[in-house]
Amino acid sequence: MEPKHVNDNPNDDRFDLIILGASGFTGKYVLREALKFLNINNPSSPLKSIALAGRNPTKLTQALQWATRPNPPPTLTIITADTTDTSSLRALCAQTRLLLNCVGPFRLHGEPVVAACVESGCDYLDICGEPEFMERMEAVCHDRAAETGSLVVSACGFDSVPAELGLMFNSRQWVGPAVPNQVEAYVSLESEKRIVGNFATYESAVLGVANANKLLELRRSRPRRARPMIPGPPPSKGETIENQKKIGLWAVKLPSADSVIVRRTLAILTENPHGLPGLNESADMAEKREAFWSSVKPAHFGVKIGSKSLLGILRIIMVGIFIGLLGSTGFGRWLLLKFPSVFSLGWFRKNGPSEEEVESASFKMWFVGRGFTNESLASQGNTKPDMEIITRVMGPEIGYLTTPIILIQCALILLSQRNNLPKGGVYTPGIIFGPTDLQERLQKNGISFDIISKSNFSS
């Protein structure tokens with residue numbers, strides 16, 4: 001039975017959301033998660049109608065059957081759309097309030113989708129972790145999106161919501177007069193079986209190396225963003241390989257989107273200290289938003305990937321060397337993409353992980369914050385931090401379980417709380433969803449936020 005469409009506006013017959021790329025590796029897990037909150041399954045949910053879109057209707061039908069097994073699937077509308085066909089994308093966006101884009105790599109396929117959403121005025125969320133694409137969309141589409149009322153938010157998955165909310169969670173534990181100076185995130189991927197990643201993630205990393213110069217050119221061409229005032233001297237770079245004994249990990253710097261996204265959020269917050277006002281928010285919500293942002297203290301932020309063994313870190317470094325060296329030439333990229341399992345030392349393969357490998361995996365993301373017991377200490381020359389707060393975000397497998405959970409909860413907030421969010425524009429997830437109940441929603445859906453320790457030490 002096809003779900004009846006209900007909307008705040010009885011004259012609006014658009015779908016609540018369309019999932020583009022629902023038959024892909026990640027897309028089918030996003031679909032499975034979305035169906036849990038479809039109104040016929042969950043009467044209190046704001047999600048009344050879903051449609052699926054992609055190039056191959058047969059594969060979309062198969063994805064729907066997979067997502068609902070062993071139960072029969074609901075009757076959902078399936079729409080043929082191709083990221084290379086702008087007319088099909090415009091028609092698609094005209095039929096929905098919100099589009100979830102699961103088609104990557106986004107630098108190859110994403111811009112026409114964002115452009116179509118912006119022109120139609122529908123909202124857009126994706127699971128991108130590619131800094132060049134996201135910053136380019138902000139440069140190209142922000143002003144027009146603000147005009148048309150299209151809210152465009154990338155990185156609404158494991159990249160980069162755990163990092164954004166995790167930093168804010170740690171930051172809010174620093175109660176005045178204490179202030180943070182630096183928060184380092186340590187990502188630890190764990191599994192009872194072997195860890196296998198999504199090929200599209202690997203492909204994005206390879207293309208990121210190939211297009212590194214484009215990102216530098218884009219940043220040079222853009223106005224310099226505001227920088228937050230962070231108490232105390234900037235932290236030292238530290239060792240290349242770190243043994244973080246308090247959390248039991250060896251770690252090395254991870255060149256991920258997370259630190260880039262966090263810096264963009266902090267820049268927007270510096271320019272807008274009370275956050276971004278909603279389209280038609282209530283006085284209560286405005287007060288709540290301002291109170292939330294007044295409790296968030298900026299800090300220098302970085303991300304490292306961790307392993308319980310030094311051998312694991314050396315393996316990570318080896319994969320990084322392969323991608324860094326070979327990703328800069330055409331033949332090298334061909335080798336990397338032709339033989340992903342070889343050059344990733346088994347971490348990535350074209351057919352992705354098995355369902356058993358997905359179910360057995362999990363992540364821990366530790367946030368080690370160092371700062372000062374009193375802000376006045378931070379201004380005393382070369383004073384070193386004398387306080388440390390460790391927090392942790394923890395959840396299931398990152399690409400196929402945590403990412404769909406986050407994306408769908410962001411979508412539900414957008415559908416149910418649209419008046420409390422900005423009219424339109426291209427933004428980071430932190431500045432949009434930080435003051436909402438996203439953290440509480442994630443906690444109810446298997447992603448935990450914990451305070452591990454607070455300690456003082458002599459500087």
# chains A, B, ... in the order shown; residues from 1 in each chain; ligands from 1

$ closest_atom_pairs --of "stretch 106-214 of chain A" --to "stretch 336-348 of chain A" --cutoff "12 Å" --atoms "only C-alpha atoms" --output "CSV"
residue,atom,partner,partner_atom,distance
A:Leu189,CA,A:Trp347,CA,11.4
A:Lys193,CA,A:Trp347,CA,12.0
A:Arg194,CA,A:Trp347,CA,8.2
A:Ile195,CA,A:Trp347,CA,6.2
A:Val196,CA,A:Trp347,CA,4.7
A:Gly197,CA,A:Phe348,CA,4.8
A:Asn198,CA,A:Phe348,CA,6.3
A:Phe199,CA,A:Phe348,CA,5.8
A:Ala200,CA,A:Phe348,CA,9.3
A:Thr201,CA,A:Phe348,CA,8.7
A:Tyr202,CA,A:Phe348,CA,6.8
A:Glu203,CA,A:Leu337,CA,6.7
A:Ser204,CA,A:Leu337,CA,10.3
A:Ala205,CA,A:Leu336,CA,10.5
A:Val206,CA,A:Leu336,CA,7.6
A:Leu207,CA,A:Leu337,CA,9.9
A:Val209,CA,A:Leu336,CA,11.8
A:Ala210,CA,A:Leu336,CA,11.8

$ select_by_dssp --residues "stretch 155-307 of chain A" --states "strand (DSSP E or B)" --output "ChimeraX atom specification"
/A:157,160,179-191,197,241-244,249-253,300-307

$ residues_around --residues "A:Thr265" --least-positions-apart "5" --cutoff "12 Å" --atoms "only C-alpha atoms" --output "PyMOL selection string"
chain A and resi 153+160-161+163-165+167-168+225-228+258-260+270-273+275-276+293+296+298-299+301+426-434

$ closest_residue --among "A:Gln173, A:Thr58, A:Ser45, A:Ser295" --to "A:Gly369" --atoms "only C-alpha atoms"
A:Gln173

$ select_by_dssp --residues "stretch 8-167 of chain A" --states "alpha helix (DSSP H)" --output "VMD selection string"
chain A and resid 25 to 36 57 to 68 86 to 93 106 to 109 111 to 120 131 to 148 161 to 167

$ residues_around --residues "stretch 114-117 of chain A" --least-positions-apart "3" --cutoff "7 Å" --atoms "only C-alpha atoms" --output "number ranges by chain"
A: 89-90, 93, 110-111, 120-124, 150

$ write_last_selection --atoms "N, CA and C atoms" --output "PDB file, in the first residue's frame"
ATOM      1  N   LEU A  89      17.294  16.060 -13.316  1.00  0.00           N
ATOM      2  CA  LEU A  89      17.544  16.507 -11.945  1.00  0.00           C
ATOM      3  C   LEU A  89      16.604  17.638 -11.555  1.00  0.00           C
ATOM      4  N   ARG A  90      16.343  18.548 -12.491  1.00  0.00           N
ATOM      5  CA  ARG A  90      15.403  19.637 -12.191  1.00  0.00           C
ATOM      6  C   ARG A  90      14.011  19.078 -11.925  1.00  0.00           C
ATOM      7  N   CYS A  93      14.002  17.488  -8.404  1.00  0.00           N
ATOM      8  CA  CYS A  93      14.001  18.419  -7.279  1.00  0.00           C
ATOM      9  C   CYS A  93      12.663  19.144  -7.134  1.00  0.00           C
ATOM     10  N   GLY A 110      28.463  15.472  -7.968  1.00  0.00           N
ATOM     11  CA  GLY A 110      27.647  16.218  -7.019  1.00  0.00           C
ATOM     12  C   GLY A 110      27.155  17.577  -7.454  1.00  0.00           C
ATOM     13  N   GLU A 111      27.971  18.331  -8.214  1.00  0.00           N
ATOM     14  CA  GLU A 111      27.610  19.731  -8.490  1.00  0.00           C
ATOM     15  C   GLU A 111      26.285  19.896  -9.224  1.00  0.00           C
ATOM     16  N   SER A 120      15.634  24.958  -7.628  1.00  0.00           N
ATOM     17  CA  SER A 120      14.247  24.604  -7.334  1.00  0.00           C
ATOM     18  C   SER A 120      13.818  25.073  -5.954  1.00  0.00           C
ATOM     19  N   GLY A 121      14.797  25.342  -5.081  1.00  0.00           N
ATOM     20  CA  GLY A 121      14.465  25.772  -3.726  1.00  0.00           C
ATOM     21  C   GLY A 121      14.268  24.628  -2.743  1.00  0.00           C
ATOM     22  N   CYS A 122      14.533  23.393  -3.171  1.00  0.00           N
ATOM     23  CA  CYS A 122      14.398  22.281  -2.211  1.00  0.00           C
ATOM     24  C   CYS A 122      15.675  22.170  -1.389  1.00  0.00           C
ATOM     25  N   ASP A 123      15.566  21.549  -0.226  1.00  0.00           N
ATOM     26  CA  ASP A 123      16.719  21.393   0.658  1.00  0.00           C
ATOM     27  C   ASP A 123      17.538  20.170   0.247  1.00  0.00           C
ATOM     28  N   TYR A 124      18.805  20.162   0.683  1.00  0.00           N
ATOM     29  CA  TYR A 124      19.769  19.157   0.218  1.00  0.00           C
ATOM     30  C   TYR A 124      20.670  18.733   1.367  1.00  0.00           C
ATOM     31  N   SER A 150      16.971  27.391  -0.389  1.00  0.00           N
ATOM     32  CA  SER A 150      17.474  26.019  -0.403  1.00  0.00           C
ATOM     33  C   SER A 150      18.583  25.891   0.633  1.00  0.00           C
TER      34      SER A 150
END

$ closest_atom_pairs --of "stretch 96-170 of chain A" --to "stretch 390-399 of chain A" --cutoff "7 Å" --atoms "only C-alpha atoms" --output "Markdown table"
| residue | atom | partner | partner_atom | distance |
| --- | --- | --- | --- | --- |
| A:Phe158 | CA | A:Ile398 | CA | 5.9 |
| A:Pro162 | CA | A:Val393 | CA | 6.8 |
| A:Gly166 | CA | A:Val393 | CA | 6.3 |
| A:Asn170 | CA | A:Thr391 | CA | 6.0 |

$ write_last_selection --atoms "C-alpha atoms" --output "PDB file, in the first residue's frame"
ATOM      1  CA  PHE A 158      30.435   9.918   9.798  1.00  0.00           C
ATOM      2  CA  PRO A 162      30.751  12.950  15.127  1.00  0.00           C
ATOM      3  CA  GLY A 166      32.045  15.613  19.584  1.00  0.00           C
ATOM      4  CA  ASN A 170      33.919  18.375  24.838  1.00  0.00           C
TER       5      ASN A 170
END

$ atom_distance --atom1 "atom CA of A:Asn101" --atom2 "atom CA of A:Ile127"
7.2 Å

$ closest_residue --among "A:Ser448, A:Thr240, A:Ser376, A:Ser44" --to "A:Leu314" --atoms "only C-alpha atoms"
A:Thr240

$ closest_residue --among "A:Thr75, A:Phe37, A:Gly27, A:Arg220" --to "A:Lys59" --atoms "only C-alpha atoms"
A:Gly27

$ atom_distance --atom1 "atom CA of A:Leu310" --atom2 "atom CA of A:Ser236"
22.4 Å

$ atom_distance --atom1 "atom CA of A:Pro231" --atom2 "atom CA of A:Glu290"
21.3 Å
